[in-house]
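Peer 1: For reference, this is work-v3.txt, and it has compact mmCIF, C-alpha atoms.
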```
# COMPACT_ATOMS: atom_id res chain seq x y z
CA MET A 148 -6.81 4.87 -17.25
CA SER A 149 -6.64 1.14 -17.93
CA PRO A 150 -5.24 -1.15 -15.24
CA ARG A 151 -2.17 -1.91 -17.36
CA THR A 152 -1.22 1.77 -17.77
CA GLN A 153 -1.61 2.93 -14.18
CA ARG A 154 1.36 3.46 -11.90
CA ILE A 155 1.93 1.49 -8.74
CA CYS A 156 3.87 2.56 -5.66
CA VAL A 157 6.62 -0.02 -5.14
CA ALA A 158 8.73 1.67 -2.45
CA GLN A 159 9.22 4.69 -0.24
CA ILE A 160 12.48 6.44 0.52
CA GLY A 161 13.22 6.68 4.21
CA ALA A 162 15.84 8.60 6.12
CA PRO A 163 19.42 8.97 4.90
CA HIS A 164 21.81 6.14 5.70
CA GLY A 165 25.22 7.60 6.44
CA VAL A 166 26.74 10.74 4.93
CA ARG A 167 27.40 9.69 1.34
CA GLY A 168 23.86 9.89 -0.01
CA GLU A 169 22.58 6.38 0.64
CA VAL A 170 18.96 6.12 1.75
CA LYS A 171 16.83 3.66 3.64
CA LEU A 172 14.32 2.16 1.24
CA TRP A 173 11.03 0.57 2.29
CA PRO A 174 9.86 -1.76 -0.52
CA PHE A 175 6.21 -2.72 -1.01
CA THR A 176 6.95 -5.73 -3.19
CA ALA A 177 6.64 -9.44 -2.38
CA ASP A 178 10.37 -9.84 -3.09
CA PRO A 179 11.98 -6.74 -1.55
CA LEU A 180 15.04 -6.79 -3.83
CA SER A 181 12.90 -6.89 -6.98
CA VAL A 182 12.35 -3.15 -6.61
CA ALA A 183 15.69 -2.72 -8.38
CA THR A 184 14.59 -4.73 -11.43
CA TYR A 185 11.78 -2.46 -12.66
CA GLY A 186 14.01 0.22 -14.19
CA PRO A 187 13.83 3.90 -13.28
CA LEU A 188 11.38 4.76 -10.52
CA GLU A 189 9.33 7.97 -10.51
CA SER A 190 8.17 10.27 -7.76
CA GLU A 191 4.43 10.55 -7.24
CA ASP A 192 4.28 13.90 -9.05
CA ARG A 193 6.49 12.53 -11.88
CA ALA A 194 8.90 15.43 -11.31
CA ALA A 195 11.86 13.16 -10.49
CA ARG A 196 13.19 9.85 -11.74
CA PHE A 197 15.48 7.61 -9.74
CA GLU A 198 17.80 4.81 -10.79
CA ILE A 199 18.99 2.40 -8.14
CA GLU A 200 22.76 1.99 -8.48
CA THR A 201 23.25 -0.36 -5.54
CA LEU A 202 20.88 -2.09 -3.18
CA ARG A 203 21.52 -4.16 -0.07
CA THR A 204 19.50 -5.56 2.77
CA ALA A 205 19.68 -4.11 6.26
CA LYS A 206 17.92 -4.99 9.50
CA ASP A 207 14.27 -4.31 8.51
CA HIS A 208 14.69 -2.28 5.32
CA LEU A 209 16.93 -1.92 2.29
CA VAL A 210 19.79 0.52 1.78
CA ALA A 211 19.97 2.07 -1.68
CA ARG A 212 22.37 4.29 -3.54
CA LEU A 213 20.42 6.33 -6.07
CA LYS A 214 22.08 7.76 -9.14
CA GLY A 215 22.84 11.47 -8.61
CA VAL A 216 22.32 11.37 -4.83
CA ASN A 217 25.84 11.81 -3.46
CA ASP A 218 25.46 13.53 -0.10
CA ARG A 219 23.35 13.45 3.03
CA ASP A 220 21.66 16.82 2.34
CA THR A 221 20.27 15.59 -0.98
CA ALA A 222 19.20 12.33 0.67
CA VAL A 223 17.37 14.23 3.44
CA ARG A 224 15.27 16.10 0.86
CA LEU A 225 14.09 12.75 -0.55
CA THR A 226 12.81 11.38 2.78
CA ASN A 227 9.25 9.99 2.44
CA THR A 228 9.29 10.20 -1.36
CA LYS A 229 7.07 7.44 -2.75
CA LEU A 230 8.46 5.64 -5.79
CA PHE A 231 6.25 4.45 -8.63
CA VAL A 232 6.56 2.30 -11.74
CA SER A 233 4.19 1.69 -14.60
CA ARG A 234 2.00 -1.33 -13.91
CA GLU A 235 3.14 -2.91 -17.18
CA LYS A 236 6.65 -3.32 -15.70
CA LEU A 237 5.35 -5.54 -12.93
CA PRO A 238 4.82 -9.27 -13.36
CA GLU A 239 1.33 -10.66 -13.86
CA THR A 240 -0.22 -12.23 -10.80
CA ASP A 241 -0.13 -16.02 -10.90
CA ALA A 242 -3.12 -17.17 -8.92
CA ASP A 243 -6.70 -16.18 -8.22
CA ASP A 244 -5.72 -15.26 -4.67
CA GLU A 245 -2.85 -13.04 -5.80
CA PHE A 246 -3.39 -9.37 -6.63
CA TYR A 247 -1.90 -5.93 -6.27
CA HIS A 248 -3.34 -3.73 -3.55
CA THR A 249 -4.24 -1.19 -6.21
CA ASP A 250 -6.57 -3.81 -7.74
CA LEU A 251 -8.73 -3.61 -4.61
CA ILE A 252 -9.30 0.15 -4.59
CA GLY A 253 -12.89 0.87 -5.57
CA LEU A 254 -14.14 -2.71 -5.20
CA ALA A 255 -17.52 -3.16 -3.56
CA VAL A 256 -17.46 -4.36 0.03
CA VAL A 257 -20.30 -6.80 0.68
CA ASP A 258 -21.32 -9.13 3.48
CA THR A 259 -21.97 -12.85 3.06
CA ASP A 260 -25.59 -12.10 2.12
CA GLU A 261 -24.36 -9.80 -0.68
CA ASN A 262 -25.56 -6.62 1.07
CA THR A 263 -23.37 -3.73 -0.04
CA LEU A 264 -21.59 -2.15 2.92
CA GLY A 265 -19.30 0.25 1.06
CA SER A 266 -16.25 0.32 -1.17
CA VAL A 267 -12.52 -0.10 -0.65
CA ALA A 268 -10.95 3.35 -0.27
CA ALA A 269 -7.35 2.32 0.49
CA ILE A 270 -5.05 -0.36 1.84
CA HIS A 271 -2.73 0.60 4.71
CA ASN A 272 0.02 -1.03 6.70
CA PHE A 273 1.14 0.78 9.82
CA GLY A 274 3.42 -2.05 10.89
CA ALA A 275 1.02 -4.62 12.34
CA GLY A 276 -0.40 -6.00 9.10
CA ASP A 277 -2.54 -4.80 6.24
CA LEU A 278 -5.75 -2.87 6.91
CA ILE A 279 -8.55 -2.23 4.45
CA GLU A 280 -10.09 1.23 4.63
CA VAL A 281 -13.76 1.07 3.69
CA MET A 282 -15.93 4.03 2.73
CA PRO A 283 -19.42 3.09 4.00
CA THR A 284 -22.27 3.28 1.50
CA GLN A 285 -24.10 5.76 3.75
CA GLY A 286 -21.03 8.00 3.85
CA GLY A 287 -19.47 9.25 7.05
CA THR A 288 -16.25 8.12 8.62
CA THR A 289 -14.28 5.39 6.91
CA VAL A 290 -13.84 2.04 8.64
CA LEU A 291 -10.54 0.19 9.04
CA LEU A 292 -10.70 -3.60 8.97
CA PRO A 293 -7.84 -6.07 9.41
CA PHE A 294 -7.03 -7.65 6.06
CA THR A 295 -7.12 -11.23 7.32
CA GLU A 296 -8.79 -14.32 5.92
CA ALA A 297 -11.18 -14.37 8.89
CA MET A 298 -12.28 -10.75 8.28
CA VAL A 299 -12.11 -10.87 4.47
CA PRO A 300 -12.82 -14.47 3.43
CA VAL A 301 -13.34 -13.64 -0.26
CA VAL A 302 -11.43 -11.32 -2.58
CA ASP A 303 -13.04 -11.44 -6.01
CA VAL A 304 -11.18 -8.97 -8.22
CA ALA A 305 -12.86 -10.26 -11.39
CA GLY A 306 -16.27 -9.87 -9.73
CA GLN A 307 -15.23 -6.44 -8.42
CA ARG A 308 -16.07 -7.21 -4.79
CA ILE A 309 -14.68 -8.36 -1.49
CA VAL A 310 -16.72 -10.16 1.16
CA VAL A 311 -16.26 -9.13 4.79
CA ASP A 312 -17.50 -10.35 8.15
CA ALA A 313 -20.67 -8.26 8.60
CA ALA A 314 -20.69 -8.35 12.41
CA ALA A 315 -17.10 -7.12 12.60
CA PHE A 316 -17.80 -4.40 10.03
CA THR A 317 -20.86 -3.22 11.96
CA SER A 318 -18.88 -3.20 15.20
CA ALA A 319 -16.02 -1.25 13.63
CA ALA A 320 -18.42 1.22 12.00
CA ALA A 321 -20.42 1.89 15.19
CA PRO A 322 -19.67 5.19 16.92
CA ALA A 323 -17.88 4.92 20.24
CA SER A 324 -20.06 5.19 23.33
CA ASP A 325 -19.42 7.94 25.87
CA ASP A 326 -17.72 5.39 28.15
CA GLU A 327 -15.35 4.33 25.35
CA ARG A 328 -14.43 7.95 24.55
CA GLU A 329 -13.39 8.81 28.09
CA ALA A 330 -9.67 8.72 28.75
CA PRO A 331 -8.54 6.32 31.48
```
Hey, can you dump this file as structure tokens for me?

Peer 2:
Amino acid sequence: MSPRTQRICVAQIGAPHGVRGEVKLWPFTADPLSVATYGPLESEDRAARFEIETLRTAKDHLVARLKGVNDRDTAVRLTNTKLFVSREKLPETDADDEFYHTDLIGLAVVDTDENTLGSVAAIHNFGAGDLIEVMPTQGGTTVLLPFTEAMVPVVDVAGQRIVVDAAAFTSAAAPASDDEREAP
């Protein structure tokens, strides 16, 4: 699948908002409201399509009315549904330091001496900032690294690699000692 034909997750439906079918919507776009400009959104399995009829900002999320979702019970069944669009509907990135998270999946992870440490398995955000999940070259447990400029000083999508702080990677990849595993 070419990069221009792949689908990208742009939002996730959260819990219902009220009793009339509105849902909380968690956008994954630089401009949160732009999620409404990409046309119909698809579920991950492509079994359902959603059109955003109305969209408004709330405290730390958006509130959306989706076409055909008119009651709380229907909205409940959609909770945690990830919404995708075709990559071709998204704008091109403008700068060398701008990219979509999906562009990073599969890139080689190297240290500053160009030693291969692994490959990017996923990008996560659990609320405290982006994390890069790295599958080590030797296999085993994946390693989570903060996606900061200090930890990842170079992202070279064209060169199909990212450069990470080797000492931090080694520390994160090291198994916990018996003392660290004990509960306080």

Peer 1: Could you check which of A:Ala313, A:Ala177, A:Pro238, A:Leu230 is closest to Glu198 (chain A), using only C-alpha atoms?

Peer 2: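 Going through A:Ala313, A:Ala177, A:Pro238, A:Leu230 one by one, the smallest distance to Glu198 (chain A) is for A:Leu230.
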
Peer 1: Hey, what's within 9 Å of Pro300 (chain A) if we count all atoms listed in the file and toss same-chain stuff fewer than 4 positions away? As a list in words, please?

Peer 2: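 The neighbour list is Thr295, Glu296, Ile309, Val310, Val311 and Asp312 of chain A.
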
Peer 1: Using only C-alpha atoms, find the one residue out of A:Asp244, A:Leu237, A:Phe316, A:Leu251 that sits nearest to Thr263 (chain A).

Peer 2: A:Phe316

Peer 1: For Lys236 (chain A), which residue among A:Val216, A:Val157, A:Ala315, A:Val304 is the nearest when counting only C-alpha atoms?

Peer 2: A:Val157

Peer 1: Just checking: using all atoms listed in the file, which residue out of A:Glu191, A:Glu235, A:Glu169, A:Asp303 ends up closest to Arg219 (chain A)?

Peer 2: A:Glu169

Peer 1: Rank A:Lys206, A:Lys214, A:Pro179, A:Arg154 by their smallest atom-to-atom distance to Arg193 (chain A), using all atoms listed in the file, and report the top residue only.

Peer 2: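 Checking each of A:Lys206, A:Lys214, A:Pro179, A:Arg154 against Arg193 (chain A), counting all atoms listed in the file, the winner is A:Arg154.
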
Peer 1: Provide the CA of Thr204 (chain A) to CA of Cys156 (chain A) distance in Å, to one decimal place.

Peer 2: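 These two atoms are separated by 19.5 Å.
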
Peer 1: Can you find the residues with an atom no farther than 6 Å from (-0.6, -0.2, -6.8), counting all atoms listed in the file, and report them as a list of chain:residue names?

Peer 2: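 Here is the list of nearby residues: A:Ile155, A:Cys156, A:Tyr247, A:His248, A:Thr249.
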
Peer 1: Find, counting only C-alpha atoms, the residue in A:Ile199, A:Leu172, A:Val182, A:Leu292 that gets nearest to Ala314 (chain A).

Peer 2: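 Comparing A:Ile199, A:Leu172, A:Val182, A:Leu292 against Ala314 (chain A), the winner is A:Leu292.
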
Peer 1: What's the 10 Å shell around Pro293 (chain A), counting all atoms listed in the file, without same-chain residues fewer than 3 positions away, as a VMD selection string?

Peer 2: chain A and resid 270 to 272 275 to 280 296 to 299 315

Peer 1: Can you tell me how far CA of Gly165 (chain A) sits from CA of Thr221 (chain A), in Å to one decimal?

Peer 2: 12.0 Å

Peer 1: So which residues touch Thr288 (chain A) within 12 Å, counting only C-alpha atoms, skipping near sequence neighbours fewer than 4 positions away, as an mmCIF file with C-alpha atoms, in the frame of the given file?

Peer 2:
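Once written, out11.cif looks like this:
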```
data_model
loop_
_atom_site.group_PDB
_atom_site.id
_atom_site.type_symbol
_atom_site.label_atom_id
_atom_site.label_comp_id
_atom_site.auth_asym_id
_atom_site.auth_seq_id
_atom_site.Cartn_x
_atom_site.Cartn_y
_atom_site.Cartn_z
ATOM 1 C CA GLY A 265 -19.300 0.250 1.060
ATOM 2 C CA ALA A 268 -10.950 3.350 -0.270
ATOM 3 C CA GLU A 280 -10.090 1.230 4.630
ATOM 4 C CA VAL A 281 -13.760 1.070 3.690
ATOM 5 C CA MET A 282 -15.930 4.030 2.730
ATOM 6 C CA PRO A 283 -19.420 3.090 4.000
ATOM 7 C CA THR A 284 -22.270 3.280 1.500
ATOM 8 C CA ALA A 319 -16.020 -1.250 13.630
ATOM 9 C CA ALA A 320 -18.420 1.220 12.000
ATOM 10 C CA ALA A 321 -20.420 1.890 15.190
ATOM 11 C CA PRO A 322 -19.670 5.190 16.920
#
```

Peer 1: May I ask for the distance between CA of Ala195 (chain A) and CA of Ala158 (chain A), given in Å to one decimal place?

Peer 2: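 Those two atoms sit 14.4 Å apart.
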
Peer 1: Please list as a VMD selection string every residue within 10 Å of Asp192 (chain A), counting all atoms listed in the file and excluding residues in the same chain fewer than 5 positions away.

Peer 2: chain A and resid 228 to 231
